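Peer 1: Would you mind keeping the following structure in view while I ask a few things?
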Number of protein chains: 2
Amino acid sequence: METQSAVNALAALAHPGRLEIFRVLVQAGPEGMAAGDIAKATGSLANTLSTNLGILSAAGLARSRREGRSIIYAAGYDSMRQLLAFLMEDCCAGRAEICAPLALLASGPCAAEGRSC
Amino acid sequence: METQSAVNALAALAHPGRLEIFRVLVQAGPEGMAAGDIAKATGSLANTLSTNLGILSAAGLARSRREGRSIIYAAGYDSMRQLLAFLMEDCCAGRAEICAPLALLASGPCAAEGRSC
DNA sequence: TCTATACTTCCAGAACTATAGAATTTTATT
DNA sequence: AATAAAATTCTATAGTTCTGGAAGTATAGA
């Protein structure tokens, strides 16, 4: 991942409204949600929401498809993974003990249930 | 982690100069680097660097201590871990397969060497 | 105390970002 | 074709962030 892509993704998330939208999408799962339902879930105005979904999409953090009159948005899980990997890159350079954070992350609720999460 | 703290941290990182500084600090390890050395490593002017280190510190992503005439900065590993955890929070809600990204992250170069990273 | 080094703080102009009202586009229904 | 629904685009205003020059603060050494 390029620095510029990472900055774009981070800037997209560095906004209370967009962060909320993104988390709603993450929880909604890969099948996504209609823009109107996201507006209801977050209390956004349609035009502001549209702008923010556009910014998230441009950063790769959301994907969209039309279904009838609705446009369905889903989280860009792969870009999210790339961003997290970029942030942790070279964290291990020579010193495993610094990397403990990731080990903690990797041993969250899902690991406790035996799932790879 | 509160939404506002996450936004602060994301905004701090959503800047090419600060992202570079942060990654330099991550690679430098917990003992940190003097501000002057960070300036050399990143090519920043002293005043701009100082401002940016202040922004990273306010967001919890850097820690500082004085050593003689130098001020030593180190990455805020714990805040970084909390931020990543916040971003992944509820990713697992009912659907382990969405969480694959974290499993990939957790199986990076360090895992290959048998380290928890 | 004087000088040099290492950083930080202050400031103002330029550039960028956010918000919301109004108009527009796209699609479905009657 | 006419109407309604769902979302986007346009636009202006308000506010925020970035940058670099100049001045200020803290520490060390002579």
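Each chain in the structure tokens gets a letter, A, B, ..., in the order shown, and its residues are numbered from 1; ligands are numbered from 1 in order too.
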Excluding range 21-24 of chain C and its own-chain neighbours fewer than 3 positions away, which residues fall within 10 Å of it when counting only C-alpha atoms (C1' of nucleotides)? Please give them as number ranges by chain.
Peer 2: A: 47; D: 8-12
Peer 1: So which residues touch Ala46 in chain B within 9 Å, counting only C-alpha atoms (C1' of nucleotides), skipping near sequence neighbours fewer than 2 positions away, as a list in words?
Peer 2: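 So, after excluding close chain neighbours, the residues are Ala35, Gly36, Ala39, Ser44, Thr48, Leu49, Ser50 and Thr51 of chain B; DC7 of chain C.
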Peer 1: Could the residues of chain D that have an atom at most 10 Å from chain B be listed as JSON lines, each with its closest atom pair and the distance in Å to one decimal, counting only C-alpha atoms (C1' of nucleotides) and ordered by chain and ascending residue number?
Peer 2:
```
{"residue": "D:DC18", "atom": "C1'", "partner": "B:Thr48", "partner_atom": "CA", "distance": 9.4}
{"residue": "D:DT19", "atom": "C1'", "partner": "B:Thr48", "partner_atom": "CA", "distance": 7.5}
{"residue": "D:DG20", "atom": "C1'", "partner": "B:Thr48", "partner_atom": "CA", "distance": 7.9}
{"residue": "D:DG21", "atom": "C1'", "partner": "B:Asn47", "partner_atom": "CA", "distance": 9.8}
{"residue": "D:DA26", "atom": "C1'", "partner": "B:Arg69", "partner_atom": "CA", "distance": 7.6}
{"residue": "D:DT27", "atom": "C1'", "partner": "B:Arg69", "partner_atom": "CA", "distance": 5.1}
{"residue": "D:DA28", "atom": "C1'", "partner": "B:Arg69", "partner_atom": "CA", "distance": 7.2}
```
Peer 1: Name all residues at most 6 Å from range 7-24 of chain B (count only C-alpha atoms (C1' of nucleotides); drop same-chain ones fewer than 5 positions away) and give them as a PDB file with C-alpha atoms, in the first residue's frame.
Peer 2:
```pdb
ATOM      1  CA  VAL A   7      -3.483   8.776   4.110  1.00  0.00           C
ATOM      2  CA  LEU A  10      -7.104   7.430   7.360  1.00  0.00           C
ATOM      3  CA  ALA A  11      -8.510  10.836   6.417  1.00  0.00           C
ATOM      4  CA  ALA A  14     -10.903  10.664  10.687  1.00  0.00           C
ATOM      5  CA  HIS A  15     -14.400  12.132  10.824  1.00  0.00           C
TER       6      HIS A  15
ATOM      7  CA  LEU B  56       0.875  12.770  17.466  1.00  0.00           C
ATOM      8  CA  ALA B  59      -3.432  11.730  20.107  1.00  0.00           C
TER       9      ALA B  59
END
```
Peer 1: What gap, in Å, lies between CA of Lys40 in chain A and CA of Leu61 in chain A?
Peer 2: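 According to the coordinates, CA of Lys40 in chain A and CA of Leu61 in chain A are separated by 20.1 Å.
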Peer 1: Could you write out as a compact mmCIF listing (two decimals) with C-alpha atoms (C1' of nucleotides), in the first residue's frame the residues of chain C within 8 Å of chain B, counting only C-alpha atoms (C1' of nucleotides)?
Peer 2:
```txt
# COMPACT_ATOMS: atom_id res chain seq x y z
C1' DT C 5 22.50 23.68 20.46
C1' DA C 6 17.96 21.56 20.53
C1' DC C 7 13.26 22.26 20.43
C1' DT C 8 8.86 24.75 20.86
```
Peer 1: As a PyMOL selection string, please: every residue in range 26-93 of chain A that DSSP puts in strand (DSSP E).
Peer 2: chain A and resi 33-34+62-67+70-75
Peer 1: Any idea what's packed within 12 Å of DT30 in chain C, counting only C-alpha atoms (C1' of nucleotides), ignoring anything in its chain fewer than 3 positions away? Could you give it as a ChimeraX atom specification?
Peer 2: /D:1-4
Peer 1: List the spatial neighbours of DG15 in chain D as a list in words - criterion: any atom at most 12 Å away, only C-alpha atoms (C1' of nucleotides), same-chain residues fewer than 4 positions off excluded.
Peer 2: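 The neighbour list is DC16, DT17, DA18 and DT19 of chain C.
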Peer 1: Using only C-alpha atoms for the distances, tell me which of A:Gln4, A:Thr42, A:Asn52, A:Ser57 is nearest to chain B.
Peer 2: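 Closest to chain B, using only C-alpha atoms: A:Gln4.
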Peer 1: Using only C-alpha atoms, which of the listed residues (B:Ala58, B:Gln27, B:Met1, B:Ala41) sits closest to chain A?
Peer 2: B:Gln27
Peer 1: Quick one: residues within 12 Å of Gln82 in chain A, only C-alpha atoms (C1' of nucleotides) counted, chain neighbours fewer than 2 positions away excluded, as a list in words?
Peer 2: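 Everything that qualifies: Met1, Glu2, Thr3, Ser5, Ala6, Ala9, Leu10, Ala59, Gly60, Leu61, Gly76, Tyr77, Asp78, Ser79, Met80, Leu84, Ala85, Phe86, Leu87, Met88 and Glu89 of chain A; Pro101, Leu102, Leu104 and Leu105 of chain B.
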Peer 1: Restricting the output to N, CA and C atoms, write the selected residues as a compact mmCIF listing (two decimals), in the first residue's frame.
Peer 2:
```txt
# COMPACT_ATOMS: atom_id res chain seq x y z
N MET A 1 0.84 -1.21 0.00
CA MET A 1 0.00 0.00 0.00
C MET A 1 0.87 1.25 0.00
N GLU A 2 0.49 2.19 -0.84
CA GLU A 2 1.21 3.45 -0.93
C GLU A 2 0.85 4.35 0.25
N THR A 3 1.77 5.23 0.60
CA THR A 3 1.49 6.19 1.66
C THR A 3 0.24 6.99 1.34
N SER A 5 -2.39 6.25 -0.40
CA SER A 5 -3.62 5.48 -0.20
C SER A 5 -3.94 5.36 1.27
N ALA A 6 -2.91 5.16 2.07
CA ALA A 6 -3.11 5.04 3.51
C ALA A 6 -3.63 6.36 4.08
N ALA A 9 -7.26 6.78 3.21
CA ALA A 9 -8.14 5.94 4.03
C ALA A 9 -8.24 6.49 5.44
N LEU A 10 -7.11 6.90 5.99
CA LEU A 10 -7.10 7.43 7.36
C LEU A 10 -7.91 8.72 7.44
N ALA A 59 -11.82 6.07 -1.02
CA ALA A 59 -10.70 5.56 -0.24
C ALA A 59 -10.66 4.04 -0.23
N GLY A 60 -11.64 3.42 -0.87
CA GLY A 60 -11.67 1.96 -0.92
C GLY A 60 -12.32 1.32 0.29
N LEU A 61 -12.84 2.14 1.19
CA LEU A 61 -13.39 1.60 2.44
C LEU A 61 -14.87 1.24 2.31
N GLY A 76 -15.45 -2.04 2.69
CA GLY A 76 -14.35 -2.56 1.87
C GLY A 76 -13.37 -3.29 2.78
N TYR A 77 -13.71 -4.53 3.08
CA TYR A 77 -12.92 -5.28 4.05
C TYR A 77 -11.47 -5.46 3.63
N ASP A 78 -11.27 -5.63 2.34
CA ASP A 78 -9.90 -5.87 1.91
C ASP A 78 -9.02 -4.63 2.08
N SER A 79 -9.59 -3.46 1.73
CA SER A 79 -8.81 -2.22 1.92
C SER A 79 -8.54 -1.98 3.40
N MET A 80 -9.52 -2.34 4.21
CA MET A 80 -9.33 -2.17 5.65
C MET A 80 -8.17 -3.06 6.12
N LEU A 84 -4.62 -1.76 7.88
CA LEU A 84 -4.11 -2.21 9.17
C LEU A 84 -2.72 -2.83 9.01
N ALA A 85 -2.54 -3.57 7.92
CA ALA A 85 -1.24 -4.19 7.69
C ALA A 85 -0.17 -3.11 7.47
N PHE A 86 -0.54 -2.05 6.75
CA PHE A 86 0.40 -0.95 6.50
C PHE A 86 0.79 -0.27 7.81
N LEU A 87 -0.19 -0.06 8.67
CA LEU A 87 0.10 0.59 9.95
C LEU A 87 1.03 -0.25 10.82
N MET A 88 0.93 -1.56 10.71
CA MET A 88 1.76 -2.44 11.53
C MET A 88 3.07 -2.82 10.83
N GLU A 89 3.23 -2.40 9.60
CA GLU A 89 4.40 -2.82 8.83
C GLU A 89 5.70 -2.46 9.53
N PRO B 101 -9.47 -11.01 7.63
CA PRO B 101 -8.38 -10.02 7.55
C PRO B 101 -7.46 -10.07 8.75
N LEU B 102 -8.03 -10.13 9.94
CA LEU B 102 -7.18 -10.11 11.13
C LEU B 102 -6.33 -11.36 11.21
N LEU B 104 -5.13 -12.92 8.73
CA LEU B 104 -4.02 -12.69 7.80
C LEU B 104 -2.97 -11.80 8.44
N LEU B 105 -3.45 -10.73 9.07
CA LEU B 105 -2.54 -9.80 9.74
C LEU B 105 -1.70 -10.55 10.76
```
Peer 1: Using only C-alpha atoms, which residue out of B:Leu53, B:Leu83, B:Met33, B:Val26 lies closest to chain A?
Peer 2: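 Checking each of B:Leu53, B:Leu83, B:Met33, B:Val26 against chain A, counting only C-alpha atoms, the winner is B:Val26.
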